[in-house]
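Raw contents of entry.tsv, TSV, C-alpha atoms:
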chain	number	residue	atom	x	y	z
A	51	MET	CA	95.41	123.12	111.60
A	52	MET	CA	95.89	119.37	111.98
A	53	LYS	CA	92.14	118.75	111.56
A	54	LYS	CA	92.20	120.78	108.34
A	55	LEU	CA	95.14	118.75	107.07
A	56	ILE	CA	93.40	115.48	107.89
A	57	LEU	CA	90.13	116.71	106.41
A	58	GLY	CA	91.98	117.71	103.25
A	59	ALA	CA	93.48	114.24	102.98
A	60	ALA	CA	90.10	112.63	103.50
A	61	LEU	CA	88.46	114.87	100.94
A	62	ALA	CA	91.18	114.27	98.43
A	63	ALA	CA	90.45	110.56	98.77
A	64	ALA	CA	87.11	111.08	97.09
A	65	PRO	CA	88.39	110.63	93.53
A	66	LEU	CA	88.99	106.98	94.26
A	67	ALA	CA	85.84	106.32	96.28
A	68	VAL	CA	84.32	104.42	93.36
A	69	PHE	CA	86.73	101.57	94.03
A	70	ALA	CA	85.11	100.94	97.41
A	71	THR	CA	82.21	98.51	97.32
A	72	PRO	CA	79.30	98.59	99.79
A	73	ALA	CA	80.85	95.62	101.59
A	74	ALA	CA	84.19	97.41	101.71
A	75	ALA	CA	82.50	100.46	103.20
A	76	GLN	CA	81.57	98.30	106.20
A	77	ASP	CA	85.14	97.08	106.59
A	78	GLY	CA	87.44	100.08	106.83
A	79	GLY	CA	90.53	98.04	105.99
A	80	ALA	CA	88.95	96.70	102.82
A	81	MET	CA	87.82	100.19	101.88
A	82	MET	CA	91.33	101.57	102.28
A	83	ALA	CA	92.73	98.69	100.24
A	84	ALA	CA	90.20	99.50	97.53
A	85	MET	CA	91.08	103.19	97.64
A	86	PHE	CA	94.76	102.36	97.36
A	87	PRO	CA	94.97	99.80	94.57
A	88	ASP	CA	97.85	97.37	94.46
A	89	PRO	CA	97.77	95.79	90.99
A	90	ASP	CA	101.29	94.40	91.28
A	91	GLY	CA	100.49	92.74	94.61
A	92	ASP	CA	103.54	94.05	96.46
A	93	GLY	CA	101.50	95.16	99.48
A	94	ALA	CA	101.88	98.88	98.81
A	95	THR	CA	100.47	101.51	96.49
A	96	SER	CA	102.91	103.53	94.43
A	97	LYS	CA	102.13	107.01	93.21
A	98	ALA	CA	101.90	105.62	89.67
A	99	GLU	CA	99.31	103.05	90.78
A	100	LEU	CA	97.26	105.71	92.52
A	101	LEU	CA	97.44	108.12	89.58
A	102	THR	CA	96.44	105.36	87.16
A	103	ALA	CA	93.41	104.55	89.31
A	104	SER	CA	92.52	108.23	89.59
A	105	ALA	CA	92.73	108.67	85.79
A	106	ALA	CA	90.48	105.63	85.33
A	107	ARG	CA	87.98	107.13	87.79
A	108	PHE	CA	88.06	110.41	85.89
A	109	ALA	CA	87.45	108.65	82.56
A	110	GLN	CA	84.57	106.70	84.08
A	111	LEU	CA	82.88	109.84	85.42
A	112	ASP	CA	83.49	112.02	82.32
A	113	LYS	CA	80.39	110.74	80.54
A	114	ASN	CA	80.41	113.37	77.78
A	115	LYS	CA	84.19	113.02	77.30
A	116	ASP	CA	84.80	116.78	77.37
A	117	GLY	CA	87.84	116.50	79.64
A	118	LYS	CA	86.15	117.92	82.72
A	119	LEU	CA	83.72	116.74	85.33
A	120	SER	CA	80.60	118.81	85.74
A	121	GLU	CA	78.70	118.83	89.01
A	122	SER	CA	76.17	116.34	87.61
A	123	GLU	CA	78.93	114.00	86.41
A	124	ARG	CA	80.69	114.18	89.80
A	125	GLU	CA	77.51	113.55	91.76
A	126	ALA	CA	76.65	110.52	89.61
A	127	GLY	CA	79.23	108.43	91.48
A	128	PRO	CA	80.15	107.71	95.09
A	129	GLY	CA	82.03	110.51	96.78
A	130	GLY	CA	81.23	112.89	93.94
A	131	ARG	CA	80.22	115.84	96.08
A	132	MET	CA	83.55	115.82	97.85
A	133	LEU	CA	85.30	115.54	94.50
A	134	GLY	CA	84.08	119.08	93.80
A	135	ARG	CA	86.68	120.30	96.28
A	136	ALA	CA	89.33	119.42	93.70
A	137	ASP	CA	88.00	122.36	91.62
A	138	THR	CA	90.89	124.63	92.54
A	139	ASP	CA	90.24	127.23	89.85
A	140	GLY	CA	86.59	127.64	90.88
A	141	ASP	CA	85.13	127.19	87.41
A	142	GLY	CA	82.52	124.68	88.57
A	143	SER	CA	84.15	121.68	86.93
A	144	VAL	CA	87.05	119.41	87.77
A	145	SER	CA	89.66	118.91	85.09
A	146	ALA	CA	91.87	115.86	84.74
A	147	ASP	CA	94.78	117.99	85.96
A	148	GLU	CA	92.85	119.09	89.05
A	149	MET	CA	91.92	115.50	89.83
A	150	LYS	CA	95.52	114.39	89.34
A	151	ALA	CA	96.71	117.18	91.63
A	152	ALA	CA	94.24	116.12	94.35
A	153	ALA	CA	95.37	112.48	94.11
A	154	THR	CA	99.03	113.54	94.16
A	155	MET	CA	98.46	115.74	97.21
A	156	ARG	CA	96.69	112.89	99.01
A	157	PHE	CA	99.48	110.46	98.16
A	158	ASP	CA	102.16	112.88	99.35
A	159	ARG	CA	100.34	113.45	102.65
A	160	LEU	CA	99.84	109.76	103.33
A	161	ASP	CA	103.36	108.67	102.33
A	162	THR	CA	104.62	109.71	105.74
A	163	ASN	CA	107.98	107.97	105.46
A	164	LYS	CA	108.50	109.43	101.96
A	165	ASP	CA	109.55	106.12	100.42
A	166	GLY	CA	107.31	106.55	97.38
A	167	LYS	CA	104.74	103.99	98.54
A	168	ILE	CA	101.69	103.86	100.76
A	169	ASP	CA	102.17	100.70	102.81
A	170	ALA	CA	99.85	98.91	105.23
A	171	THR	CA	101.09	100.94	108.20
A	172	GLU	CA	100.43	104.24	106.42
A	173	ARG	CA	97.00	103.06	105.24
A	174	ALA	CA	96.08	102.00	108.79
A	175	ALA	CA	97.20	105.36	110.18
A	176	ALA	CA	95.13	107.20	107.57
A	177	MET	CA	92.10	105.08	108.38
A	178	GLU	CA	92.49	105.80	112.08
A	179	ARG	CA	92.65	109.55	111.39
A	180	MET	CA	89.48	109.30	109.28
A	181	ARG	CA	87.69	107.34	112.03
A	182	ALA	CA	88.67	109.97	114.57
A	183	MET	CA	87.02	112.64	112.41
A	184	ARG	CA	83.64	110.89	112.32
A	185	PRO	CA	80.87	112.58	114.26
A	186	GLY	CA	80.63	111.26	117.79
A	187	ASN	CA	84.34	110.46	118.09

Would you write out, as structure tokens, the structure that this file holds?
Amino acid sequence: MMKKLILGAALAAAPLAVFATPAAAQDGGAMMAAMFPDPDGDGATSKAELLTASAARFAQLDKNKDGKLSESEREAGPGGRMLGRADTDGDGSVSADEMKAAATMRFDRLDTNKDGKIDATERAAAMERMRAMRPGN
């Protein structure tokens, strides 16, 4: 059950994978910081910041601007295959609402102290859980 919960959190992170650069992918801390933007520089990511980033990712991927991400649109960017798991209605595409729901679910799971922010401690804990799930761990 716990592995499924952690896997779900990791998979829900996919909508923001575009914010991670190749260099960030080598440095887990930098990758997490990229996945959890902090435009106001307060050291934490609010739900509003995360949802804004997720909406920007959706707009970037929705090349034909039809309000949904087809499989080809999803797979055009990093983490796109995993983004398909946000397709909760099974219609083969991911709507803006489905992407928002996935980002909200991820935020709610990672905000372990329920203060409305993902802080450095929560990001580090999430990164450790993701590392533990890697093959060979």

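Taking CA of Ser145 in chain A as the reference point, CA of Met132 in chain A is found at 14.5 Å.
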
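Of the listed residues (A:Ala136, A:Met177, A:Ala94, A:Ala146), A:Ala146 comes nearest to Arg107 in chain A; the distances count only C-alpha atoms.
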
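Distances to Arg179 in chain A were evaluated for A:Leu160, A:Thr138, A:Lys150, A:Gly166 using only C-alpha atoms, and the minimum falls at A:Leu160.
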
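Of note, CA of Ala182 in chain A and CA of Lys167 in chain A are spaced 23.5 Å apart.
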
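With all atoms listed in the file as the atoms that count, the minimum distance from Ala103 in chain A to the choices A:Met180, A:Ile168, A:Ala153, A:Ala175 is reached by A:Ala153.
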
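Between CA of Phe157 in chain A and CA of Asp88 in chain A there is a distance of 13.7 Å.
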
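Residue nearest Met155 in chain A within the list A:Met85, A:Asp90, A:Lys97, A:Thr171: A:Lys97 [criterion: smallest interatomic distance, all atoms listed in the file].
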
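Of the listed residues (A:Leu111, A:Leu133, A:Ala176, A:Ala126), A:Ala176 comes nearest to Thr162 in chain A; the distances count only C-alpha atoms.
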
**Asked** Which is closer to Asp158 in chain A than all the others in A:Leu100, A:Glu123, A:Gly93, A:Val144, using only C-alpha atoms?
**Response** A:Leu100

I'd like the box whose edges run along x, y and z of the file and which contains every listed atom of range 96-103 of chain A, padded by 4 Å per side; could you state its centre and edge lengths in Å, one decimal, as AutoDock Vina command-line options?
--center_x 98.2 --center_y 105.6 --center_z 90.8 --size_x 17.5 --size_y 13.1 --size_z 15.3
